[in-house]
Amino acid sequence: MARAIRIISVQRGHDPHNHAPMAFGGAGPLHTVRLARELRILTVIIPRSPGILCAMGLLLSDARADFPATRLTPLNTLRRGFTRAYERMHGFAVAGERILCVTFGVNATGLVQRARLTERHGGGHRQDDVPPWPAEP
């Protein structure tokens, strides 16, 4: 982990020695101090209640529910594949909305739906977001 921090920091033009990491979470201070020693960082910020920071973030953030689905579509059927994928995503969103409303008593009027497609080229590991396909004229 220290090696990754060092590499990424240097690539972005930052020297880890000039920064103080902040520990959070239940065991965060233990790991942060170990990493700081390995990186030869002299200062570590440990809040009074580091385990509560994650819980506070959860309580103060907006509620969110994700309904991911994977569908592999060959490039030669791209247009038809996007249309079907968006139709399928809308179906997932409607079903997810029902689950949230019935199971958790969420009011549907405050829900926001966001659709996202991601492309991955065959044999590749990098994924890119794809904007929605334009509507037919």
# chains A, B, ... in the order shown; residues from 1 in each chain; ligands from 1

$ residues_around --residues "Leu35 of chain A" --least-positions-apart "4" --cutoff "10 Å" --atoms "only C-alpha atoms" --output "list in words"
Met1, Ala2, Arg3, Ile5, Pro21, Pro29, Leu30, His31, Leu39, Arg40, Ile41 and Val44 of chain A

$ residues_around --residues "Gly91 of chain A" --least-positions-apart "4" --cutoff "12 Å" --atoms "only C-alpha atoms" --output "PyMOL selection string"
chain A and resi 67-69+84-87+95-98+113+115

$ write_last_selection --atoms "all heavy atoms" --output "JSON list (two decimals), in the first residue's frame"
[["chain", "number", "residue", "atom", "x", "y", "z"],
["A", 67, "PHE", "N", -28.60, -0.30, -8.69],
["A", 67, "PHE", "CA", -29.08, -1.56, -9.23],
["A", 67, "PHE", "C", -28.27, -1.88, -10.49],
["A", 67, "PHE", "O", -28.71, -1.64, -11.61],
["A", 67, "PHE", "CB", -30.58, -1.47, -9.56],
["A", 67, "PHE", "CG", -31.43, -1.18, -8.36],
["A", 67, "PHE", "CD1", -31.79, 0.12, -8.04],
["A", 67, "PHE", "CD2", -31.83, -2.20, -7.51],
["A", 67, "PHE", "CE1", -32.55, 0.39, -6.92],
["A", 67, "PHE", "CE2", -32.60, -1.93, -6.39],
["A", 67, "PHE", "CZ", -32.96, -0.64, -6.09],
["A", 68, "PRO", "N", -27.05, -2.38, -10.31],
["A", 68, "PRO", "CA", -26.19, -2.65, -11.48],
["A", 68, "PRO", "C", -26.62, -3.91, -12.22],
["A", 68, "PRO", "O", -27.15, -4.84, -11.63],
["A", 68, "PRO", "CB", -24.81, -2.83, -10.86],
["A", 68, "PRO", "CG", -25.08, -3.33, -9.49],
["A", 68, "PRO", "CD", -26.37, -2.69, -9.05],
["A", 69, "ALA", "N", -26.40, -3.89, -13.51],
["A", 69, "ALA", "CA", -26.67, -5.07, -14.35],
["A", 69, "ALA", "C", -25.64, -5.08, -15.46],
["A", 69, "ALA", "O", -25.26, -4.03, -15.98],
["A", 69, "ALA", "CB", -28.07, -5.00, -14.93],
["A", 84, "ARG", "N", -31.82, -1.49, -26.22],
["A", 84, "ARG", "CA", -32.28, -2.54, -25.31],
["A", 84, "ARG", "C", -31.71, -2.35, -23.91],
["A", 84, "ARG", "O", -32.39, -2.58, -22.92],
["A", 84, "ARG", "CB", -31.89, -3.91, -25.85],
["A", 84, "ARG", "CG", -32.71, -4.33, -27.02],
["A", 84, "ARG", "CD", -32.32, -5.70, -27.47],
["A", 84, "ARG", "NE", -33.05, -6.08, -28.67],
["A", 84, "ARG", "CZ", -32.70, -7.06, -29.46],
["A", 84, "ARG", "NH1", -31.61, -7.77, -29.20],
["A", 84, "ARG", "NH2", -33.40, -7.35, -30.53],
["A", 85, "ALA", "N", -30.46, -1.94, -23.83],
["A", 85, "ALA", "CA", -29.83, -1.74, -22.51],
["A", 85, "ALA", "C", -30.54, -0.65, -21.74],
["A", 85, "ALA", "O", -30.82, -0.78, -20.54],
["A", 85, "ALA", "CB", -28.36, -1.42, -22.68],
["A", 86, "TYR", "N", -30.87, 0.46, -22.40],
["A", 86, "TYR", "CA", -31.57, 1.54, -21.70],
["A", 86, "TYR", "C", -32.99, 1.13, -21.31],
["A", 86, "TYR", "O", -33.47, 1.48, -20.24],
["A", 86, "TYR", "CB", -31.58, 2.82, -22.54],
["A", 86, "TYR", "CG", -30.35, 3.66, -22.29],
["A", 86, "TYR", "CD1", -29.31, 3.70, -23.19],
["A", 86, "TYR", "CD2", -30.21, 4.38, -21.11],
["A", 86, "TYR", "CE1", -28.18, 4.45, -22.96],
["A", 86, "TYR", "CE2", -29.08, 5.13, -20.86],
["A", 86, "TYR", "CZ", -28.06, 5.16, -21.79],
["A", 86, "TYR", "OH", -26.95, 5.89, -21.52],
["A", 87, "GLU", "N", -33.65, 0.37, -22.17],
["A", 87, "GLU", "CA", -34.99, -0.14, -21.81],
["A", 87, "GLU", "C", -34.89, -1.04, -20.58],
["A", 87, "GLU", "O", -35.71, -0.98, -19.67],
["A", 87, "GLU", "CB", -35.60, -0.89, -22.99],
["A", 87, "GLU", "CG", -36.03, 0.00, -24.13],
["A", 87, "GLU", "CD", -36.43, -0.78, -25.37],
["A", 87, "GLU", "OE1", -36.30, -2.03, -25.39],
["A", 87, "GLU", "OE2", -36.86, -0.13, -26.34],
["A", 95, "ALA", "N", -38.43, -1.21, -11.00],
["A", 95, "ALA", "CA", -38.48, -2.27, -9.98],
["A", 95, "ALA", "C", -37.78, -1.83, -8.70],
["A", 95, "ALA", "O", -38.28, -2.06, -7.60],
["A", 95, "ALA", "CB", -37.83, -3.55, -10.53],
["A", 96, "GLY", "N", -36.63, -1.17, -8.83],
["A", 96, "GLY", "CA", -35.91, -0.67, -7.67],
["A", 96, "GLY", "C", -36.72, 0.36, -6.90],
["A", 96, "GLY", "O", -36.74, 0.38, -5.67],
["A", 97, "GLU", "N", -37.40, 1.22, -7.65],
["A", 97, "GLU", "CA", -38.26, 2.24, -7.02],
["A", 97, "GLU", "C", -39.36, 1.56, -6.20],
["A", 97, "GLU", "O", -39.64, 1.95, -5.07],
["A", 97, "GLU", "CB", -38.86, 3.11, -8.12],
["A", 97, "GLU", "CG", -39.53, 4.35, -7.63],
["A", 97, "GLU", "CD", -39.94, 5.24, -8.79],
["A", 97, "GLU", "OE1", -39.07, 5.85, -9.42],
["A", 97, "GLU", "OE2", -41.17, 5.29, -9.06],
["A", 98, "ARG", "N", -39.96, 0.52, -6.77],
["A", 98, "ARG", "CA", -41.00, -0.22, -6.04],
["A", 98, "ARG", "C", -40.46, -0.84, -4.76],
["A", 98, "ARG", "O", -41.07, -0.77, -3.70],
["A", 98, "ARG", "CB", -41.57, -1.32, -6.94],
["A", 98, "ARG", "CG", -42.99, -1.02, -7.36],
["A", 98, "ARG", "CD", -43.60, -2.17, -8.14],
["A", 98, "ARG", "NE", -43.64, -1.77, -9.54],
["A", 98, "ARG", "CZ", -43.09, -2.43, -10.54],
["A", 98, "ARG", "NH1", -42.49, -3.57, -10.34],
["A", 98, "ARG", "NH2", -43.16, -1.99, -11.76],
["A", 113, "GLN", "N", -33.66, 9.27, -10.77],
["A", 113, "GLN", "CA", -33.09, 8.13, -11.50],
["A", 113, "GLN", "C", -31.98, 8.63, -12.42],
["A", 113, "GLN", "O", -32.15, 9.63, -13.12],
["A", 113, "GLN", "CB", -34.16, 7.44, -12.35],
["A", 113, "GLN", "CG", -35.21, 6.76, -11.54],
["A", 113, "GLN", "CD", -36.23, 6.06, -12.44],
["A", 113, "GLN", "OE1", -36.00, 5.88, -13.62],
["A", 113, "GLN", "NE2", -37.35, 5.69, -11.87],
["A", 115, "ALA", "N", -29.27, 6.97, -15.28],
["A", 115, "ALA", "CA", -28.85, 5.79, -16.03],
["A", 115, "ALA", "C", -27.43, 6.01, -16.53],
["A", 115, "ALA", "O", -27.03, 7.12, -16.85],
["A", 115, "ALA", "CB", -29.79, 5.56, -17.21]]
